[in-house]
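The file input_24.cif comes next; it holds mmCIF, C-alpha atoms and all ligand atoms.
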data_run
loop_
_atom_site.label_atom_id
_atom_site.label_comp_id
_atom_site.auth_asym_id
_atom_site.auth_seq_id
_atom_site.Cartn_x
_atom_site.Cartn_y
_atom_site.Cartn_z
CA MET A 182 109.33 68.99 25.66
CA PRO A 183 107.99 69.39 22.09
CA THR A 184 105.08 71.78 21.75
CA ILE A 185 102.58 72.38 18.97
CA LEU A 186 100.16 75.27 18.65
CA HIS A 187 97.13 73.80 16.93
CA THR A 188 94.52 75.97 15.21
CA ALA A 189 91.98 75.50 12.39
CA ASP A 190 89.10 77.25 10.63
CA ILE A 191 90.52 80.75 10.51
CA HIS A 192 88.53 81.37 7.30
CA LEU A 193 90.64 84.27 6.02
CA GLY A 194 88.71 86.28 3.44
CA ALA A 195 85.24 85.15 4.63
CA PRO A 196 82.55 87.63 3.47
CA LEU A 197 80.95 87.83 6.98
CA GLY A 198 77.86 89.53 5.53
CA TRP A 199 75.91 88.75 8.74
CA LEU A 200 77.98 91.49 10.44
CA GLY A 201 76.56 94.19 8.15
CA ASP A 202 78.63 97.37 8.18
CA ARG A 203 81.24 95.79 10.47
CA ALA A 204 82.07 92.86 8.15
CA SER A 205 85.27 94.39 6.81
CA ASP A 206 86.47 95.26 10.34
CA GLN A 207 86.05 91.62 11.31
CA ARG A 208 87.80 90.44 8.11
CA ASP A 209 90.73 92.63 9.21
CA GLN A 210 90.51 91.04 12.65
CA LEU A 211 90.85 87.53 11.17
CA ARG A 212 94.18 88.69 9.68
CA LEU A 213 95.25 90.27 12.97
CA THR A 214 94.38 87.12 14.92
CA PHE A 215 96.38 85.01 12.46
CA ARG A 216 99.25 87.45 12.97
CA ALA A 217 98.90 87.06 16.73
CA LEU A 218 99.19 83.25 16.36
CA ILE A 219 102.40 83.75 14.39
CA ASP A 220 103.75 85.97 17.20
CA MET A 221 102.67 83.48 19.86
CA THR A 222 104.44 80.61 18.06
CA ARG A 223 107.65 82.67 17.94
CA GLU A 224 107.42 83.98 21.51
CA GLU A 225 106.70 80.54 22.98
CA ASP A 226 109.40 78.97 20.81
CA ALA A 227 106.88 76.29 19.79
CA ASP A 228 108.16 73.55 17.50
CA CYS A 229 105.19 73.69 15.19
CA LEU A 230 102.20 75.77 14.21
CA LEU A 231 99.66 73.29 12.87
CA ILE A 232 96.63 74.56 10.92
CA ALA A 233 94.05 71.78 10.53
CA GLY A 234 92.11 73.08 7.53
CA ASP A 235 90.18 76.13 6.33
CA LEU A 236 92.97 78.64 6.76
CA PHE A 237 91.29 80.33 3.79
CA ASP A 238 87.52 80.69 3.45
CA SER A 239 87.66 79.76 -0.23
CA ASN A 240 89.95 78.37 -2.87
CA ARG A 241 89.94 81.70 -4.67
CA PRO A 242 91.09 84.19 -2.06
CA PRO A 243 92.31 87.56 -3.35
CA ALA A 244 96.05 87.53 -4.11
CA SER A 245 96.54 90.15 -1.39
CA GLU A 246 95.15 87.70 1.20
CA VAL A 247 97.52 84.94 0.10
CA ARG A 248 100.53 87.29 0.02
CA SER A 249 99.79 88.53 3.51
CA VAL A 250 99.73 84.90 4.76
CA MET A 251 103.07 84.22 2.99
CA ARG A 252 104.62 87.30 4.58
CA GLU A 253 103.51 86.18 8.05
CA LEU A 254 104.80 82.63 7.52
CA ALA A 255 108.18 83.90 6.34
CA ARG A 256 108.31 86.34 9.27
CA LEU A 257 107.85 83.38 11.64
CA THR A 258 110.34 80.99 10.08
CA ASP A 259 112.94 83.76 9.66
CA ALA A 260 112.81 84.58 13.36
CA SER A 261 112.44 81.08 14.85
CA GLU A 262 113.04 77.40 14.25
CA ALA A 263 109.31 76.64 14.11
CA HIS A 264 107.75 74.53 11.41
CA VAL A 265 104.37 75.42 9.95
CA VAL A 266 102.17 72.57 8.75
CA ILE A 267 99.04 73.46 6.81
CA LEU A 268 96.31 70.90 6.13
CA PRO A 269 93.91 71.99 3.36
CA GLY A 270 90.30 71.83 4.64
CA SER A 271 86.82 71.72 3.12
CA HIS A 272 86.63 75.38 2.03
CA ASP A 273 90.26 75.40 0.84
CA HIS A 274 90.42 71.72 -0.21
CA LEU A 275 93.37 70.53 -2.22
CA GLY A 276 92.99 70.02 -5.94
CA GLU A 277 93.56 71.50 -9.33
CA GLY A 278 92.98 75.24 -9.22
CA SER A 279 93.03 75.30 -5.42
CA VAL A 280 94.86 78.07 -3.62
CA TYR A 281 97.59 75.63 -2.57
CA GLU A 282 98.09 74.34 -6.13
CA CYS A 283 98.06 77.84 -7.62
CA TYR A 284 100.64 79.12 -5.14
CA ALA A 285 102.48 75.80 -4.73
CA ASN A 286 105.89 77.24 -5.64
CA GLU A 287 105.54 80.18 -3.29
CA PHE A 288 104.49 77.94 -0.39
CA GLN A 289 107.34 75.52 -1.07
CA GLN A 290 109.87 78.35 -1.16
CA ILE A 291 109.29 79.32 2.44
CA ASP A 292 111.60 77.40 4.76
CA ARG A 293 109.95 74.88 7.06
CA VAL A 294 106.44 75.58 5.71
CA SER A 295 104.61 72.49 4.43
CA VAL A 296 101.20 71.96 2.90
CA LEU A 297 100.03 68.40 3.55
CA GLY A 298 98.97 66.61 0.39
CA LEU A 299 100.83 69.00 -1.93
CA GLY A 300 103.08 66.98 -4.25
CA GLY A 301 101.68 63.82 -2.66
CA VAL A 302 103.45 64.48 0.66
CA THR A 303 101.35 63.21 3.58
CA THR A 304 104.01 63.21 6.33
CA VAL A 305 106.03 66.18 7.59
CA ARG A 306 108.86 65.61 10.06
CA VAL A 307 110.03 68.12 12.66
CA PRO A 308 113.45 66.63 13.45
CA ARG A 309 114.35 68.75 16.48
CA ALA A 310 111.15 67.57 18.20
CA GLY A 311 111.25 63.93 17.06
CA LEU A 312 107.83 64.63 15.65
CA ALA A 313 105.96 63.45 12.54
CA ILE A 314 102.72 65.08 11.41
CA HIS A 315 100.48 63.17 9.02
CA GLY A 316 97.47 64.24 6.97
CA ALA A 317 95.66 63.32 3.77
CA PRO A 318 93.52 66.42 3.06
CA PRO A 319 90.12 66.54 1.34
CA THR A 320 90.21 67.07 -2.42
CA SER A 321 86.64 68.36 -2.61
CA ASN A 322 84.24 70.38 -0.48
CA ARG A 323 82.15 67.32 0.34
CA SER A 324 83.56 63.82 0.56
CA SER A 325 82.68 60.52 2.19
CA GLU A 326 86.31 59.47 2.24
CA HIS A 327 87.85 58.66 5.61
CA GLN A 328 91.09 60.69 5.81
CA MET A 329 92.32 58.79 8.87
CA ARG A 330 92.30 55.39 7.19
CA SER A 331 95.32 56.06 4.98
CA LEU A 332 97.50 57.43 7.81
CA ARG A 333 100.11 55.32 9.57
CA PRO A 334 102.24 56.42 12.53
CA ASP A 335 105.97 56.48 11.80
CA PRO A 336 107.76 54.05 14.16
CA GLU A 337 111.01 56.06 13.78
CA SER A 338 109.46 59.20 15.28
CA ASN A 339 108.99 59.74 19.02
CA TYR A 340 105.66 61.42 18.49
CA ASN A 341 103.05 61.00 15.77
CA VAL A 342 100.27 63.49 15.19
CA ALA A 343 97.34 62.99 12.80
CA ALA A 344 95.81 66.15 11.29
CA LEU A 345 92.23 65.70 10.04
CA HIS A 346 89.58 68.05 8.70
CA GLY A 347 86.16 66.48 9.09
CA SER A 348 83.30 65.38 11.30
CA VAL A 349 83.52 63.02 14.24
CA ASP A 350 79.90 61.95 14.91
CA LEU A 351 78.34 62.93 11.61
CA VAL A 352 75.16 64.92 11.47
CA PRO A 353 72.57 62.36 10.30
CA GLY A 354 71.96 62.70 6.59
CA ALA A 355 75.40 64.14 5.82
CA PRO A 356 77.56 61.08 5.05
CA ASP A 357 79.76 63.22 2.79
CA ASP A 358 80.81 65.70 5.49
CA HIS A 359 84.34 64.22 5.72
CA PRO A 360 83.62 61.38 8.15
CA ILE A 361 85.92 60.41 11.01
CA SER A 362 84.89 57.44 13.12
CA ARG A 363 85.69 57.06 16.82
CA GLU A 364 87.15 53.67 16.05
CA GLU A 365 89.70 55.30 13.72
CA LEU A 366 90.63 57.77 16.45
CA SER A 367 91.49 54.98 18.85
CA ALA A 368 94.06 53.39 16.52
CA PRO A 369 97.35 52.75 18.36
CA GLY A 370 100.55 54.74 17.90
CA TRP A 371 99.20 58.29 17.89
CA SER A 372 100.23 60.98 20.39
CA TYR A 373 97.60 63.51 19.35
CA VAL A 374 94.84 63.98 16.79
CA ALA A 375 94.55 67.58 15.55
CA LEU A 376 91.03 68.14 14.27
CA GLY A 377 89.45 70.92 12.22
CA HIS A 378 86.01 71.67 10.70
CA TRP A 379 83.91 72.14 13.86
CA HIS A 380 84.02 75.82 14.90
CA SER A 381 83.80 75.48 18.68
CA TRP A 382 86.29 73.97 21.13
CA LYS A 383 85.52 70.26 21.47
CA GLU A 384 87.45 67.39 23.02
CA ILE A 385 86.62 63.93 21.68
CA ASP A 386 86.78 61.23 24.34
CA GLY A 387 87.39 57.58 23.93
CA GLY A 388 90.69 57.25 22.07
CA ASP A 389 94.15 56.64 23.57
CA ALA A 390 95.44 59.97 22.29
CA PRO A 391 93.68 63.28 22.93
CA ALA A 392 91.65 64.39 19.89
CA VAL A 393 90.66 68.05 19.91
CA TYR A 394 88.81 70.57 17.76
CA PRO A 395 90.22 73.96 18.78
CA GLY A 396 87.39 75.68 16.85
CA ALA A 397 87.69 78.95 14.95
CA PRO A 398 90.19 81.25 16.72
CA GLU A 399 88.10 84.30 15.80
CA ILE A 400 84.34 84.57 15.30
CA VAL A 401 83.19 83.84 11.73
CA ALA A 402 79.50 83.00 12.30
CA PRO A 403 76.90 84.28 14.80
CA ASP A 404 76.02 80.88 16.31
CA GLN A 405 79.48 80.02 17.60
CA ALA A 406 79.49 80.02 21.35
CA GLY A 407 82.71 78.17 22.16
CA SER A 408 84.93 79.56 19.43
CA GLY A 409 87.90 81.85 20.05
CA TYR A 410 90.55 79.34 21.13
CA ILE A 411 93.60 77.44 20.01
CA ALA A 412 95.10 74.28 21.55
CA ARG A 413 98.58 74.28 23.06
CA VAL A 414 99.81 70.69 22.84
CA ALA A 415 102.77 69.56 24.96
CA LEU A 416 104.15 66.13 24.03
CA SER A 417 106.16 64.04 26.45
CA ARG A 418 107.00 60.42 27.20
CA ASP A 419 104.43 60.55 30.01
CA GLY A 420 101.63 61.56 27.69
CA THR A 421 100.16 64.51 25.84
CA ARG A 422 98.89 67.58 27.66
CA VAL A 423 96.44 69.87 25.89
CA THR A 424 95.68 73.40 27.10
CA GLN A 425 92.86 75.57 25.82
CA VAL A 426 94.16 79.08 25.09
CA ALA A 427 91.79 82.02 24.48
CA VAL A 428 92.90 84.16 21.54
CA ALA A 429 89.82 85.88 20.08
CA ALA A 430 89.59 89.65 20.06
CA ARG A 431 85.78 89.56 19.89
CA GLN A 432 83.00 87.39 21.19
CA VAL A 433 79.28 86.92 20.65
CA ALA A 434 77.05 87.65 23.65
CA GLU A 435 73.59 86.15 23.48
CA THR A 436 70.84 87.45 25.70
CA SER A 437 67.12 87.30 26.08
CA ILE A 438 65.44 90.57 27.09
CA ASP A 439 61.96 90.69 28.60
CA VAL A 440 60.17 93.76 27.26
CA ALA A 441 57.26 93.49 29.73
CA GLY A 442 56.02 96.89 30.83
CA ALA A 443 58.56 98.84 28.76
CA GLN A 444 56.95 102.14 27.77
CA ASP A 445 59.52 103.09 25.17
CA THR A 446 62.66 102.11 23.29
CA ILE A 447 64.94 103.88 25.79
CA GLU A 448 63.65 101.58 28.53
CA VAL A 449 64.34 98.43 26.44
CA ALA A 450 67.83 99.76 25.59
CA ARG A 451 68.47 100.32 29.31
CA ARG A 452 67.50 96.70 30.01
CA VAL A 453 69.85 95.48 27.27
CA ARG A 454 72.78 97.53 28.64
CA SER A 455 72.23 96.34 32.19
CA THR A 456 72.20 92.70 31.01
CA VAL A 457 75.20 92.91 28.67
CA PRO A 458 77.49 95.81 29.63
CA PRO A 459 78.52 97.90 26.60
CA ALA A 460 81.86 96.76 25.17
CA ASP A 461 83.40 97.38 21.78
CA ASP A 462 84.57 93.76 21.47
CA THR A 463 81.06 92.33 21.84
CA ILE A 464 78.78 91.18 19.04
CA LEU A 465 75.32 91.27 20.58
CA ARG A 466 72.53 88.84 19.71
CA ILE A 467 69.30 89.75 21.44
CA SER A 468 66.07 87.93 21.57
CA LEU A 469 63.09 89.99 22.74
CA THR A 470 60.35 88.27 24.71
CA GLY A 471 57.36 89.08 26.87
CA LEU A 472 54.31 91.26 26.60
CA ILE A 473 54.70 94.94 25.79
CA PRO A 474 52.00 97.49 26.69
CA LEU A 475 49.70 98.52 23.85
CA ASP A 476 50.60 102.18 24.30
CA SER A 477 54.36 101.56 24.27
CA SER A 478 56.27 103.48 21.64
CA PHE A 479 58.93 100.74 21.45
CA ASP A 480 60.43 100.33 17.97
CA VAL A 481 63.07 97.75 17.05
CA ARG A 482 64.74 99.95 14.41
CA VAL A 483 65.12 102.75 16.95
CA LEU A 484 66.54 100.21 19.43
CA LEU A 485 69.27 99.21 16.95
CA GLU A 486 70.11 102.89 16.38
CA GLU A 487 70.11 103.52 20.13
CA LEU A 488 72.53 100.66 20.88
CA LYS A 489 74.83 101.28 17.92
CA GLY A 490 78.16 102.47 19.23
CA ASP A 491 77.79 100.66 22.55
CA TYR A 492 78.87 97.31 21.06
CA PHE A 493 81.00 96.14 18.14
CA GLN A 494 77.76 95.19 16.41
CA VAL A 495 74.15 94.52 17.38
CA LEU A 496 72.54 91.85 15.20
CA PRO A 497 68.86 92.24 14.20
CA PRO A 498 66.97 90.92 17.25
CA LYS A 499 64.91 87.79 17.24
CA GLN A 500 61.45 89.04 18.08
CA SER A 501 59.10 86.84 19.99
CA TYR A 502 57.42 89.43 22.20
CA HIS A 503 53.77 90.32 22.00
CA VAL A 504 51.80 93.46 22.55
CA ARG A 505 49.66 93.17 25.62
CA LEU A 506 46.09 94.32 25.41
CA THR A 507 44.14 94.82 28.60
CA ASP A 508 40.34 94.62 28.55
CA ALA A 509 40.25 98.40 29.03
CA ASP A 510 42.63 98.86 26.07
CA MET A 511 40.34 96.77 23.91
CA ASP A 512 37.16 98.57 25.00
CA ALA A 513 38.81 101.86 24.09
CA LEU A 514 39.43 100.83 20.47
CA PRO A 515 36.70 102.44 18.32
CA GLU A 516 34.55 99.95 16.46
CA ARG A 517 34.66 102.03 13.27
CA LEU A 518 38.38 101.25 12.91
CA VAL A 519 39.65 97.97 11.47
CA ILE A 520 41.60 97.28 14.66
CA GLY A 521 38.47 97.77 16.78
CA ARG A 522 36.42 95.45 14.56
CA TYR A 523 39.20 92.89 14.62
CA VAL A 524 39.44 92.90 18.42
CA ARG A 525 35.68 92.49 18.83
CA LEU A 526 35.49 89.62 16.34
CA MET A 527 38.42 87.83 17.98
CA ARG A 528 37.00 88.27 21.48
CA ALA A 529 33.71 86.78 20.30
CA SER A 530 35.62 83.78 18.88
CA ILE A 531 37.60 83.40 22.10
CA GLU A 532 34.35 83.24 24.09
CA LYS A 533 33.12 80.44 21.85
CA ALA A 534 36.39 78.50 22.06
CA GLU A 535 35.80 74.83 22.83
CA ASP A 536 38.85 74.21 24.97
CA ALA A 537 41.83 75.90 26.63
CA GLY A 538 44.15 75.05 23.71
CA GLU A 539 41.94 76.77 21.18
CA ARG A 540 41.45 79.74 23.50
CA ASP A 541 45.23 80.19 23.93
CA GLU A 542 45.75 80.04 20.20
CA LEU A 543 43.06 82.64 19.53
CA GLU A 544 44.43 84.92 22.25
CA ALA A 545 47.92 84.72 20.76
CA ALA A 546 46.40 85.50 17.34
CA LEU A 547 44.55 88.48 18.85
CA GLN A 548 47.75 89.97 20.34
CA LEU A 549 49.75 89.35 17.19
CA GLY A 550 47.00 90.71 14.91
CA VAL A 551 46.78 93.91 16.94
CA ALA A 552 50.55 94.35 16.76
CA LEU A 553 50.47 93.90 12.99
CA LEU A 554 47.54 96.30 12.57
CA GLN A 555 49.60 98.85 14.48
CA GLY A 556 52.42 98.40 11.99
CA LYS A 557 54.75 96.65 14.44
CA ASP A 558 57.32 94.35 12.97
CA VAL A 559 56.58 91.24 15.05
CA LEU A 560 56.85 88.51 12.44
CA SER A 561 60.53 88.69 11.51
MN MN B 601 85.59 73.11 7.27
#

Would you write the structure of this file as C-alpha cells?
Amino acid sequence: MPTILHTADIHLGAPLGWLGDRASDQRDQLRLTFRALIDMTREEDADCLLIAGDLFDSNRPPASEVRSVMRELARLTDASEAHVVILPGSHDHLGEGSVYECYANEFQQIDRVSVLGLGGVTTVRVPRAGLAIHGAPPTSNRSSEHQMRSLRPDPESNYNVAALHGSVDLVPGAPDDHPISREELSAPGWSYVALGHWHSWKEIDGGDAPAVYPGAPEIVAPDQAGSGYIARVALSRDGTRVTQVAVAARQVAETSIDVAGAQDTIEVARRVRSTVPPADDTILRISLTGLIPLDSSFDVRVLLEELKGDYFQVLPPKQSYHVRLTDADMDALPERLVIGRYVRLMRASIEKAEDAGERDELEAALQLGVALLQGKDVLS
C-alpha cells in the first residue's frame, strides 16, 4: 500500500523573535524536527515525503541552512527508495532569485528529489507506488491565481495527488492569499489533496478525496494551537486513509490566571505552576485577570524572572487584571497625595453617575488610575 508522509510550513530559518532569548534554540529545533521527518520516512519505508510549501521561511536563507537540507535529503535517498517532492510555498515561492532557482543544480543532483515547478515540471511520478504528484507553485508571495485549476490527474497512474499552497476559504479582504475553492477540491480523479499555508491541522470536508492541512510540524508562531503534526497518507484501491501524527518537540500552553487575593508575586507564580506544570518543552502564554489587593507587591517583571527556568519560555503576559481598592483602602489614602486626590475626585464622580453603565466605567477608570499612579504596568 503506497504511503506518503505529508508536511508543510516548516519555515526553516525563521527569525522567531517572539521567543526572545530562546529564538535560536527553537530555530535549531526546526532543523531537528525536519531531521526527524527524514528519519521517519526512512524507518517507515514511506514512498514519498511531500513538503507542501514553506520549507524555508524566506527565499534568501543562509547557505548553511540550504546545505543542511541538502545533506538530509541525500541521507534519506541514499538509505531508502523514498522520493522527496518539494512544492515551493508563499515564503519560498518559485521565481528568479528564489532559493530553488539559485540552488537548482544542487537540488536536481540529488536522486529522487524534485522541486515542483522547477524547469516547468508540474508532475512527479513515483513508479514503485503507481503514484503521480502534481503542483503548480506560487511565483510570488501574494497571488490571486488558482493553483488547482491547471492541474490534471494522470489517467496512467493509480493514484493522483495534488499539492497546493494556499487558502481554502479565504479571509475576507485577502483575494490574493493563493485562493483554493472548494469546488476545485471536489474535481474528480484525485486520491488526495496535500495542502500547505495554514499552520494548524485542518481537514477540509466536501470533496471526494481527503484534503488536509497538516500545519507546521514545529511551533513557529505563538498563536498556533493545533500545530505540531504531519499527515500519514495511505493510498489503496478502497480509498485514502489519513492519520494525524504528532511530531513537535515543543508546544504552546495558554492559560488564564486569576490574581484575585494574591499578596505577592510568589503566590501568582504558584498559581501558574499549579495550572500548567513546569516542563522544559512548554512555551507558556499567560493572561492575568481578576482583582489584585491594593497592598499586593505583585510585579509582572518579577513573575517572569520567577518562572524562568520552569518552562522553555514564558511570553510576556497579557495583563487584564485590576487592583482592587476597598473603601477602607481608599479612606486611608492621604488627601495631600495625588493618588488620594484622584480617588476622592473619582468617587465623587461615581456618586453623580447617571446610570449603571457610567458608574461601571468610572469604577474601572478608578481602579486602573490607581494602579497607574502606583507605577503598575497594567496597560500593556
Ligand atoms: Mn505559507

Counting all atoms listed in the file, what residues are within 12 Å of ligand MN 601 (chain B), given as number ranges by chain? A: 189-192, 232-239, 268-274, 318-319, 321-324, 345-348, 358-360, 376-381, 394, 396-397, 401

I need every residue sitting at most 12 Å from the point (45.5, 86.9, 18.4) (coordinates as in the file, all atoms listed in the file considered), written as a ChimeraX atom specification. /A:503-506,520,523-531,539-554

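Counting only C-alpha atoms and comparing A:Leu332, A:Ala402, A:Val302, A:Ala412, the residue that lies closest to Glu365 (chain A) is A:Leu332.
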
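One distance worth recording is that between CA of Gly409 (chain A) and CA of Gln494 (chain A), which is 17.1 Å.
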
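Each of A:Arg212, A:Lys489, A:Arg363, A:Arg293 was checked against Ala430 (chain A) using all atoms listed in the file; the smallest atom-to-atom distance is that of A:Arg212.
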
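Proximity ranking of A:Ser325, A:Tyr340, A:Pro196, A:Val453 relative to Gly354 (chain A) places A:Ser325 first, based on all atoms listed in the file.
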
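Residues with any atom within 8 Å of Tyr492 (chain A), counting only C-alpha atoms and excluding same-chain neighbours fewer than 6 positions away, are Pro459, Ala460, Asp461, Asp462, Thr463, Ile464 and Leu465 of chain A.
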
Would you kindly return, as a PyMOL selection string, each protein, DNA or RNA residue with an atom no farther than 10 Å from any atom of region 244-247 of chain A, considering only C-alpha atoms and excluding same-chain residues fewer than 5 positions away? chain A and resi 193-194+212+237+252+280-281+284+287-288

Residues just named, written with C-alpha atoms as a PDB file, keeping the file's coordinate frame:
ATOM      1  CA  LEU A 193      90.640  84.270   6.020  1.00  0.00           C
ATOM      2  CA  GLY A 194      88.710  86.280   3.440  1.00  0.00           C
ATOM      3  CA  ARG A 212      94.180  88.690   9.680  1.00  0.00           C
ATOM      4  CA  PHE A 237      91.290  80.330   3.790  1.00  0.00           C
ATOM      5  CA  ARG A 252     104.620  87.300   4.580  1.00  0.00           C
ATOM      6  CA  VAL A 280      94.860  78.070  -3.620  1.00  0.00           C
ATOM      7  CA  TYR A 281      97.590  75.630  -2.570  1.00  0.00           C
ATOM      8  CA  TYR A 284     100.640  79.120  -5.140  1.00  0.00           C
ATOM      9  CA  GLU A 287     105.540  80.180  -3.290  1.00  0.00           C
ATOM     10  CA  PHE A 288     104.490  77.940  -0.390  1.00  0.00           C
TER      11      PHE A 288
END

Could you pull the residues within 6 Å of region 431-447 of chain A, counting all atoms listed in the file, minus those fewer than 2 positions along the same chain, as a compact mmCIF listing (two decimals) with C-alpha atoms, keeping the file's coordinate frame?
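Output contents, as saved in result-v5.txt:
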# COMPACT_ATOMS: atom_id res chain seq x y z
CA ALA A 429 89.82 85.88 20.08
CA VAL A 449 64.34 98.43 26.44
CA ALA A 450 67.83 99.76 25.59
CA ASP A 462 84.57 93.76 21.47
CA THR A 463 81.06 92.33 21.84
CA ILE A 464 78.78 91.18 19.04
CA LEU A 465 75.32 91.27 20.58
CA ARG A 466 72.53 88.84 19.71
CA ILE A 467 69.30 89.75 21.44
CA SER A 468 66.07 87.93 21.57
CA LEU A 469 63.09 89.99 22.74
CA THR A 470 60.35 88.27 24.71
CA GLY A 471 57.36 89.08 26.87
CA LEU A 472 54.31 91.26 26.60
CA ILE A 473 54.70 94.94 25.79
CA PRO A 474 52.00 97.49 26.69
CA SER A 477 54.36 101.56 24.27
CA SER A 478 56.27 103.48 21.64
CA PHE A 479 58.93 100.74 21.45
CA LEU A 484 66.54 100.21 19.43
